[in-house]
Amino acid sequence: MTEPKNAQWKSQKDSEEEFQGDPEDHRGRERVRLLQKSLRDKVFECKDAGAFWRVLRGWTDPRPKPIQVSLEVLTEEFQKRMNEPEECPASFNMEQLRISAELFKGMPRINEDVSPKKSFSRKLTLADIEWGKQHIMKHLSTASGIDDFSYGDIMEIPNEKLRALLQEIIDKKIFPSKWLAALSYRLVVLECCLLKFLTLLIDRRVKEYAVEAKLIPETQNGFMATYRTNNNPFLLRVMSDRAAAEGKVMYVAVVDLKNAFPAVNRNVLFLTLNSMGVAGDMID
C-alpha cells in the first residue's frame, strides 16, 4: 500500500532532523538540502490558507527596490509642494494679493451665520456623530495621526462624549495643541484623526449649505453624493459625437494645475467663502 503523501513528507522531515553534518560537505549539496528543509518547514507551519499564501508571496513576489531618495530630501520636497510658494510666480496679480491680505486682516473674528438652516452655528447632534462614525468605518485601516490616535480609537469614544468634546472646541475656538502639530505643512496623513473627524462634520455642513444655496454647478461631479467623476467623460463623448455628426470642430483644453490644492492662498480662500455666506462658529 502506498504511503500517504503527507506521511512521506513527515518521514523525510524526521530523517533530515536526525542529520548532523557539515553543510559544506558533498560540494554544497547538503546546504541546498537544509535550505529546502527550512522552506518546507515554513509551509508545514502555516495554520490556514492565508498564512500559506503570505509565505508563498514572500518567496515569489519581487524584492522591494532599495530607497533611492533620503528622508531629508523627501521632507524638503514635500514641504515645497504642500505649502504656498515662498515667492509667487510673475503671472500672479501681486496687487490683488496684497489687497486680499489687507481685507483678511480686517475680517471680524466672529462672523454671523446667515445660512437659512444655520448650518455653521447649529449645534452638533448625536446624529452628526453617528453619521461621522459610519463614514470612517470605511477607513479604519487609515494610518494614525502624529499623536498615535486612530479612527479605531474614535469608534471607542461614546457618542455623547465625542459630541460634547467637539462642540466645546467649536464654541471656545481652541484646538488641543497636539491636533495642530502637523499643520506646518499640509500632509493630511499626518493630521490628528480627531481633527479630521471634526473637519469631516464641518465639510458636511458646508456641502449642506452649498447645495441649498445652489453654489455648486452641475458640472462639479467630484466629491458629491450621487455624482460620479465619469459623468464628465461621458458628456465629453456626447459632445464629441454631436460635433462630428454636425460637421463641426470641437476644441478641448485639458488643464492640470500643479500643486493646485496646497498652493491655495488661505486668506483669499476664507475671503471667498465669507463672501458666499460660509460664515459662523464652525468656520471662525
# chains A, B, ... in the order shown; residues from 1 in each chain; ligands from 1

call {"tool": "residues_around", "arguments": {"residues": "A:Ala101", "least_positions_apart": "6", "cutoff": "10 Å", "atoms": "only C-alpha atoms", "output": "VMD selection string"}}
result
chain A and resid 95 265 to 268 271

call {"tool": "atom_distance", "arguments": {"atom1": "atom CA of A:Arg163", "atom2": "atom CA of A:Asp113"}}
result
20.6 Å

call {"tool": "select_by_dssp", "arguments": {"residues": "stretch 20-202 of chain A", "states": "alpha helix (DSSP H)", "output": "JSON, numbers by chain"}}
result
{"A": [29, 30, 31, 32, 33, 34, 35, 36, 37, 38, 39, 40, 41, 42, 43, 44, 49, 50, 51, 52, 53, 54, 55, 56, 57, 58, 59, 60, 71, 72, 73, 74, 75, 76, 77, 78, 79, 80, 81, 94, 95, 96, 97, 98, 99, 100, 101, 102, 103, 104, 105, 126, 127, 128, 129, 130, 131, 132, 133, 134, 135, 136, 151, 152, 153, 154, 155, 156, 159, 160, 161, 162, 163, 164, 165, 166, 167, 168, 169, 170, 171, 172, 193, 194, 195, 196, 197, 198, 199, 200, 201, 202]}

call {"tool": "write_last_selection", "arguments": {"atoms": "C-alpha atoms", "output": "PDB file, in the first residue's frame"}}
result
ATOM      1  CA  ARG A  29      24.515  19.788  -1.781  1.00  0.00           C
ATOM      2  CA  GLU A  30      23.840  19.471   1.922  1.00  0.00           C
ATOM      3  CA  ARG A  31      23.411  23.237   2.217  1.00  0.00           C
ATOM      4  CA  VAL A  32      20.757  23.057  -0.501  1.00  0.00           C
ATOM      5  CA  ARG A  33      19.003  20.247   1.385  1.00  0.00           C
ATOM      6  CA  LEU A  34      18.973  22.297   4.580  1.00  0.00           C
ATOM      7  CA  LEU A  35      17.530  25.269   2.697  1.00  0.00           C
ATOM      8  CA  GLN A  36      14.835  23.064   1.179  1.00  0.00           C
ATOM      9  CA  LYS A  37      14.021  21.722   4.631  1.00  0.00           C
ATOM     10  CA  SER A  38      13.734  25.249   6.012  1.00  0.00           C
ATOM     11  CA  LEU A  39      11.345  26.281   3.249  1.00  0.00           C
ATOM     12  CA  ARG A  40       9.278  23.123   3.666  1.00  0.00           C
ATOM     13  CA  ASP A  41       9.029  23.730   7.416  1.00  0.00           C
ATOM     14  CA  LYS A  42       7.609  27.183   6.764  1.00  0.00           C
ATOM     15  CA  VAL A  43       4.850  25.608   4.673  1.00  0.00           C
ATOM     16  CA  PHE A  44       4.066  22.994   7.342  1.00  0.00           C
ATOM     17  CA  ALA A  49      -4.717  29.325   3.630  1.00  0.00           C
ATOM     18  CA  GLY A  50      -3.941  32.978   4.314  1.00  0.00           C
ATOM     19  CA  ALA A  51      -0.690  32.114   6.063  1.00  0.00           C
ATOM     20  CA  PHE A  52       0.259  29.781   3.208  1.00  0.00           C
ATOM     21  CA  TRP A  53      -0.249  32.447   0.561  1.00  0.00           C
ATOM     22  CA  ARG A  54       1.698  35.012   2.585  1.00  0.00           C
ATOM     23  CA  VAL A  55       4.636  32.610   2.715  1.00  0.00           C
ATOM     24  CA  LEU A  56       4.350  31.850  -0.990  1.00  0.00           C
ATOM     25  CA  ARG A  57       4.184  35.528  -1.932  1.00  0.00           C
ATOM     26  CA  GLY A  58       7.196  36.177   0.243  1.00  0.00           C
ATOM     27  CA  TRP A  59       9.116  33.769  -1.983  1.00  0.00           C
ATOM     28  CA  THR A  60       7.725  34.749  -5.373  1.00  0.00           C
ATOM     29  CA  LEU A  71      14.078  61.059   4.072  1.00  0.00           C
ATOM     30  CA  GLU A  72      15.599  64.538   4.370  1.00  0.00           C
ATOM     31  CA  VAL A  73      15.306  65.155   0.626  1.00  0.00           C
ATOM     32  CA  LEU A  74      11.713  63.877   0.590  1.00  0.00           C
ATOM     33  CA  THR A  75      10.778  66.107   3.528  1.00  0.00           C
ATOM     34  CA  GLU A  76      12.249  69.182   1.872  1.00  0.00           C
ATOM     35  CA  GLU A  77      10.469  68.410  -1.400  1.00  0.00           C
ATOM     36  CA  PHE A  78       7.110  67.772   0.275  1.00  0.00           C
ATOM     37  CA  GLN A  79       7.329  70.990   2.259  1.00  0.00           C
ATOM     38  CA  LYS A  80       7.753  72.884  -1.004  1.00  0.00           C
ATOM     39  CA  ARG A  81       4.914  71.067  -2.723  1.00  0.00           C
ATOM     40  CA  MET A  94       0.508  90.796  -6.669  1.00  0.00           C
ATOM     41  CA  GLU A  95      -1.574  93.918  -6.106  1.00  0.00           C
ATOM     42  CA  GLN A  96      -4.747  91.861  -5.758  1.00  0.00           C
ATOM     43  CA  LEU A  97      -2.923  89.503  -3.427  1.00  0.00           C
ATOM     44  CA  ARG A  98      -1.869  92.455  -1.263  1.00  0.00           C
ATOM     45  CA  ILE A  99      -5.432  93.808  -1.185  1.00  0.00           C
ATOM     46  CA  SER A 100      -6.753  90.376  -0.204  1.00  0.00           C
ATOM     47  CA  ALA A 101      -4.271  90.186   2.652  1.00  0.00           C
ATOM     48  CA  GLU A 102      -5.430  93.569   3.965  1.00  0.00           C
ATOM     49  CA  LEU A 103      -9.093  92.621   3.628  1.00  0.00           C
ATOM     50  CA  PHE A 104      -8.435  89.398   5.504  1.00  0.00           C
ATOM     51  CA  LYS A 105      -6.819  91.330   8.353  1.00  0.00           C
ATOM     52  CA  LEU A 126     -25.737  62.682  18.116  1.00  0.00           C
ATOM     53  CA  ALA A 127     -26.988  62.068  14.577  1.00  0.00           C
ATOM     54  CA  ASP A 128     -23.967  64.014  13.271  1.00  0.00           C
ATOM     55  CA  ILE A 129     -21.604  61.851  15.320  1.00  0.00           C
ATOM     56  CA  GLU A 130     -23.323  58.650  14.207  1.00  0.00           C
ATOM     57  CA  TRP A 131     -23.053  59.752  10.569  1.00  0.00           C
ATOM     58  CA  GLY A 132     -19.370  60.571  11.016  1.00  0.00           C
ATOM     59  CA  LYS A 133     -18.609  57.215  12.600  1.00  0.00           C
ATOM     60  CA  GLN A 134     -20.481  55.431   9.840  1.00  0.00           C
ATOM     61  CA  HIS A 135     -18.324  57.299   7.327  1.00  0.00           C
ATOM     62  CA  ILE A 136     -14.977  56.465   8.941  1.00  0.00           C
ATOM     63  CA  TYR A 151     -10.070  56.177  13.702  1.00  0.00           C
ATOM     64  CA  GLY A 152     -10.431  52.948  15.656  1.00  0.00           C
ATOM     65  CA  ASP A 153      -9.861  54.920  18.861  1.00  0.00           C
ATOM     66  CA  ILE A 154     -12.584  57.368  17.823  1.00  0.00           C
ATOM     67  CA  MET A 155     -15.015  54.482  17.395  1.00  0.00           C
ATOM     68  CA  GLU A 156     -14.431  53.580  21.055  1.00  0.00           C
ATOM     69  CA  ASN A 159     -21.092  59.346  21.033  1.00  0.00           C
ATOM     70  CA  GLU A 160     -22.285  61.885  23.594  1.00  0.00           C
ATOM     71  CA  LYS A 161     -18.783  62.434  24.985  1.00  0.00           C
ATOM     72  CA  LEU A 162     -17.377  62.849  21.490  1.00  0.00           C
ATOM     73  CA  ARG A 163     -20.160  65.273  20.564  1.00  0.00           C
ATOM     74  CA  ALA A 164     -19.576  67.320  23.720  1.00  0.00           C
ATOM     75  CA  LEU A 165     -15.818  67.477  23.096  1.00  0.00           C
ATOM     76  CA  LEU A 166     -16.131  68.651  19.502  1.00  0.00           C
ATOM     77  CA  GLN A 167     -18.874  71.145  20.349  1.00  0.00           C
ATOM     78  CA  GLU A 168     -16.768  72.644  23.133  1.00  0.00           C
ATOM     79  CA  ILE A 169     -13.879  73.070  20.696  1.00  0.00           C
ATOM     80  CA  ILE A 170     -16.191  74.874  18.255  1.00  0.00           C
ATOM     81  CA  ASP A 171     -17.671  77.077  20.982  1.00  0.00           C
ATOM     82  CA  LYS A 172     -14.342  78.033  22.545  1.00  0.00           C
ATOM     83  CA  CYS A 193      -7.653  61.759  13.290  1.00  0.00           C
ATOM     84  CA  LEU A 194      -9.882  63.668  15.720  1.00  0.00           C
ATOM     85  CA  LEU A 195      -9.141  66.850  13.791  1.00  0.00           C
ATOM     86  CA  LYS A 196     -10.001  65.098  10.531  1.00  0.00           C
ATOM     87  CA  PHE A 197     -13.221  63.804  12.097  1.00  0.00           C
ATOM     88  CA  LEU A 198     -14.235  67.338  13.076  1.00  0.00           C
ATOM     89  CA  THR A 199     -13.399  68.733   9.634  1.00  0.00           C
ATOM     90  CA  LEU A 200     -15.459  65.903   8.137  1.00  0.00           C
ATOM     91  CA  LEU A 201     -18.507  67.148  10.049  1.00  0.00           C
ATOM     92  CA  ILE A 202     -17.788  70.756   9.054  1.00  0.00           C
TER      93      ILE A 202
END

call {"tool": "atom_distance", "arguments": {"atom1": "atom CA of A:Met137", "atom2": "atom CA of A:Met282"}}
result
23.9 Å

call {"tool": "residues_around", "arguments": {"residues": "A:Ala213", "least_positions_apart": "4", "cutoff": "9 Å", "atoms": "only C-alpha atoms", "output": "list in words"}}
result
Ser115, Pro116, Glu208 and Tyr209 of chain A

call {"tool": "residues_around", "arguments": {"residues": "stretch 251-262 of chain A", "least_positions_apart": "3", "cutoff": "8 Å", "atoms": "only C-alpha atoms", "output": "compact mmCIF listing (two decimals) with C-alpha atoms, in the first residue's frame"}}
result
# COMPACT_ATOMS: atom_id res chain seq x y z
CA ARG A 81 4.91 71.07 -2.72
CA MET A 82 2.42 71.06 0.13
CA ASN A 83 2.60 74.74 1.09
CA GLU A 84 2.07 78.07 -0.56
CA ARG A 186 -0.37 70.06 4.65

call {"tool": "residues_around", "arguments": {"residues": "A:Asn111", "least_positions_apart": "6", "cutoff": "8 Å", "atoms": "only C-alpha atoms", "output": "number ranges by chain"}}
result
A: 279-281, 284

call {"tool": "residues_around", "arguments": {"residues": "A:Glu218", "least_positions_apart": "6", "cutoff": "12 Å", "atoms": "only C-alpha atoms", "output": "list in words"}}
result
Val211, Met224, Thr226, Tyr227, Arg228, Thr229, Asn231, Asn232 and Leu235 of chain A
